[in-house]
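*Asks:* Before anything else, here's the structure in question.
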Amino acid sequence: MSNARTEAPYRPPHPGDALENLLHENRKFAPTPEFAANAVVGAGVYAEAEADRPGFWARQARELLDWDTDFSQALDWSEPPFAKWFVGGQVNAAYNALDRHVENGLGDRVAIFFEGEPGDTRTYTYAQLTEEVKRCANAFESLGVVKGDRVAVYLPMIPEAVITMLACARIGAVHSVVFGGFSADALRSRIDDAEATLVVTADGTYRRGKPSPLKPAVDQALAKPGHSVEHVVVVRRNGEPVDWHQGRDRWWEDTVGTASGEHTAVGHDAEHPLFILYTSGTTGKPKGILHTTGGYLTQTAYTHRAVFDLHPDTDVFWCTADVGWVTGHS
């Protein structure tokens with residue numbers, strides 16, 4: 001008796017086989033009955049949304065947000081592909097993120113736990129963060145920033161980035177966040193495209209545990225004439241030496257830190273521009289995506305609550321994504 005066997009001829013693996021295998025994932029991971037019973041949303045939302053999409057989002061908008069003026073129409077699709085959401089409604093993003101929680105008795109609840117790369121920490125309650133945003137809004141207005149102006153944000157992941165974005169939203173200025181790892185040329189192209197009048201930056205940041213300068217990129221970006229920037233506000237982050245341009249540059253603590261903590265938020269039209277985020281530009285000229293206020297707030301609030309199954313009384317949401325990308329920004 002022979003143990004010999006006939007084997008199939010050797011066929012080298014095709015380079016696409018591994019990737020092709022990864023494209024087919026059929027496993028399912030069902031939640032436990034206890035988890036499903038305690039979930040923020042149930043499977044019924046799919047049928048509800050499919051039955052009346054505008055009506056579904058109108059309900060989410062009214063339940064999740066506080067509106068200065070209620071909207072008269074959930075969706076205006078009369079000029080496709082241009083959609084108008086929550087027509088006639090007026091809402092303030094900063095008020096919804098901050099003030100209303102303080103007014104509802106949650107001012108002492110922590111809004112931000114911050115831990116920097118060197119291990120430094122800061123904690124802001126909703127009341128403290130609201131006051132800082134009000135100071136920042138007053139400071140920006142003192143520099144001549146008005147509703148509709150554009151503000152370029154070139155900051156590391158520090159609380160001042162959140163404060164800056166919310167202050168812009170509060171006064172109706174449009175913030176354009178530029179990833180702090182982008183070059184001076186990339187920063188300048190985004191400043192020029194948005195015609196930003198203010199840049200908020202820091203002396204430096206930390207990368208892989210080491211101090212890294214940041215403001216020199218701003219100086220280089222603004223070295224050539226023809227830009228629209230009138231002021232540069234600089235946060236002290238890591239003590240990196242900076243060149244100072246008198247009349248243009250201002251320290252954060254001297255500008256925001258000395259401003260009044262009283263500021264009244266007013267509603268902005270649901271279709272008022274909220275922020276611009278640009279594509280990376282790796283495949284061509286960067287393209288600015290303009291997000292308006294009402295639709296963006298509704299989608300983000302709902303997604304945050306439903307997809308992450310967020311229980312605000314017990315959960316802490318942890319995000320390490322940079323504000324230069326829409327995940328970190330949102």
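Following the order of the structure tokens, chains are lettered A, B, ..., residues in each are numbered from 1, and ligands are numbered from 1.
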Excluding same-chain residues fewer than 5 positions from Gly209 in chain A, what lies within 12 Å of it counting only C-alpha atoms, as a PDB file with N, CA, C and O atoms, in the first residue's frame?
*Replies:*
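Writing the result to out-v7.pdb gives the following:
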```
ATOM      1  N   GLY A 116      -3.225  66.672  28.592  1.00  0.00           N
ATOM      2  CA  GLY A 116      -2.302  66.942  27.503  1.00  0.00           C
ATOM      3  C   GLY A 116      -1.246  65.871  27.379  1.00  0.00           C
ATOM      4  O   GLY A 116      -1.093  65.004  28.244  1.00  0.00           O
ATOM      5  N   GLU A 117      -0.489  65.938  26.302  1.00  0.00           N
ATOM      6  CA  GLU A 117       0.529  64.918  26.050  1.00  0.00           C
ATOM      7  C   GLU A 117       1.573  64.833  27.158  1.00  0.00           C
ATOM      8  O   GLU A 117       2.002  63.731  27.510  1.00  0.00           O
ATOM      9  N   PRO A 118       2.007  65.965  27.753  1.00  0.00           N
ATOM     10  CA  PRO A 118       2.989  65.847  28.846  1.00  0.00           C
ATOM     11  C   PRO A 118       2.380  65.336  30.153  1.00  0.00           C
ATOM     12  O   PRO A 118       3.104  65.141  31.122  1.00  0.00           O
ATOM     13  N   GLY A 119       1.036  65.172  30.186  1.00  0.00           N
ATOM     14  CA  GLY A 119       0.390  64.720  31.407  1.00  0.00           C
ATOM     15  C   GLY A 119      -0.291  65.817  32.193  1.00  0.00           C
ATOM     16  O   GLY A 119      -0.866  65.558  33.254  1.00  0.00           O
ATOM     17  N   ASN A 238       3.513  75.902  25.466  1.00  0.00           N
ATOM     18  CA  ASN A 238       4.717  75.204  25.932  1.00  0.00           C
ATOM     19  C   ASN A 238       5.942  76.098  26.054  1.00  0.00           C
ATOM     20  O   ASN A 238       7.058  75.622  26.229  1.00  0.00           O
TER      21      ASN A 238
END
```
*Asks:* As a ChimeraX atom specification, please: the residues near Thr279 in chain A (cut-off 7 Å, only C-alpha atoms, same-chain neighbours under 5 positions excluded).
*Replies:* /A:286-288
*Asks:* Got a sec: who's within 10 Å of Gly324 in chain A, counting only C-alpha atoms, leaving out chain neighbours fewer than 3 positions off, as a PyMOL selection string?
*Replies:* chain A and resi 153-157+176-182+277-280+321+327-329
*Asks:* Between A:Leu310, A:Leu98, A:Leu297, A:Val40, single out the one closest to Arg62 in chain A, counting only C-alpha atoms.
*Replies:*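 Closest to Arg62 in chain A of all the choices is A:Leu297.
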*Asks:* Return as a PyMOL selection string the full set of residues in range 95-294 of chain A whose backbone-based DSSP assignment is helix (DSSP H, G or I).
*Replies:* chain A and resi 95-106+126-142+159-171+184-194+215-221+252-255+293-294
*Asks:* Which residues are near range 160-166 of chain A? Cut-off 8 Å, only C-alpha atoms, ignore same chain within fewer than 3 positions. Put them as a list of chain:residue names.
*Replies:*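 Listed by chain and then number, they are A:Ala93, A:Ala94, A:Leu129, A:Glu132, A:Val133, A:Cys136, A:Val153, A:Leu155, A:Pro156, A:Met157, A:Ala169, A:Arg170, A:His175, A:Val200, A:Val235, A:Val323.
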*Asks:* Considering only C-alpha atoms, can you say which of A:Ser212, A:Asn92, A:Ser72, A:Gln60 comes closest to Arg305 in chain A?
*Replies:* A:Gln60
*Asks:* Between CA of Arg188 in chain A and CA of Leu222 in chain A, what is the spacing in Å?
*Replies:*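 Between these atoms lies a distance of 7.0 Å.
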*Asks:* Enter the distance from CA of Ala47 in chain A to CA of Val87 in chain A, in Å, rounded to one decimal.
*Replies:*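 Going from CA of Ala47 in chain A over to CA of Val87 in chain A, I get 24.8 Å.
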*Asks:* How many Å lie between CA of Phe140 in chain A and CA of His231 in chain A, rounded to one decimal?
*Replies:* 9.7 Å
*Asks:* Please run DSSP on the backbone and report, as JSON, numbers by chain, all residues within range 22-220 of chain A that come out as strand (DSSP E).
*Replies:* {"A": [73, 74, 75, 76, 77, 78, 79, 82, 83, 84, 85, 86, 87, 90, 91, 110, 111, 112, 113, 114, 115, 121, 122, 123, 124, 125, 150, 151, 152, 153, 154, 174, 175, 176, 177, 198, 199, 200, 201, 202, 204, 205, 206, 207, 210, 211, 212, 213]}
*Asks:* Store the residues picked out above in a file with C-alpha atoms, as a compact mmCIF listing (two decimals), in the first residue's frame.
*Replies:*
```txt
# COMPACT_ATOMS: atom_id res chain seq x y z
CA GLN A 73 -40.57 73.76 7.46
CA ALA A 74 -38.25 70.83 8.15
CA LEU A 75 -36.85 70.53 4.62
CA ASP A 76 -37.00 72.75 1.56
CA TRP A 77 -36.00 70.61 -1.43
CA SER A 78 -37.36 72.98 -4.09
CA GLU A 79 -33.94 73.61 -5.67
CA PHE A 82 -29.41 72.45 -2.55
CA ALA A 83 -31.30 71.49 0.59
CA LYS A 84 -32.46 73.94 3.23
CA TRP A 85 -33.12 72.46 6.63
CA PHE A 86 -35.38 73.87 9.35
CA VAL A 87 -36.50 76.88 7.33
CA GLN A 90 -33.11 80.42 14.61
CA VAL A 91 -30.67 78.64 16.91
CA VAL A 110 -17.89 68.55 34.27
CA ALA A 111 -17.98 69.50 30.58
CA ILE A 112 -14.32 68.80 29.73
CA PHE A 113 -11.68 66.58 31.30
CA PHE A 114 -8.47 67.57 29.50
CA GLU A 115 -5.18 65.69 29.61
CA THR A 121 -4.63 68.22 33.19
CA ARG A 122 -7.46 70.75 33.34
CA THR A 123 -11.12 70.40 34.22
CA TYR A 124 -13.93 72.72 33.16
CA THR A 125 -17.46 72.58 34.47
CA ARG A 150 -14.13 83.97 9.18
CA VAL A 151 -11.69 82.91 11.90
CA ALA A 152 -8.84 80.48 11.20
CA VAL A 153 -8.12 78.13 14.11
CA TYR A 154 -4.59 76.67 14.08
CA VAL A 174 -17.48 81.16 10.77
CA HIS A 175 -14.55 79.16 12.12
CA SER A 176 -12.17 77.33 9.83
CA VAL A 177 -10.14 74.74 11.70
CA LEU A 198 -8.36 86.49 12.65
CA VAL A 199 -6.02 83.57 13.33
CA VAL A 200 -5.99 81.85 16.72
CA THR A 201 -2.86 79.80 17.37
CA ALA A 202 -0.38 78.81 20.11
CA GLY A 204 3.79 75.61 20.31
CA THR A 205 2.52 72.14 20.99
CA TYR A 206 3.86 68.68 21.82
CA ARG A 207 4.51 65.90 19.34
CA LYS A 210 8.72 66.76 22.65
CA PRO A 211 7.94 70.50 22.39
CA SER A 212 7.15 71.59 18.85
CA PRO A 213 6.76 75.19 17.62
```
*Asks:* May I have a table of the residues of range 53-141 of chain A lying at most 6 Å from range 246-265 of chain A, giving each one's closest pair of atoms and their distance in Å to one decimal, counting only C-alpha atoms, ordered by chain and ascending residue number, as CSV?
*Replies:*
```
residue,atom,partner,partner_atom,distance
A:Glu131,CA,A:Gly261,CA,5.3
A:Lys134,CA,A:His263,CA,5.3
A:Arg135,CA,A:Gly261,CA,4.8
A:Cys136,CA,A:Val256,CA,5.1
A:Ala139,CA,A:Val256,CA,5.2
```
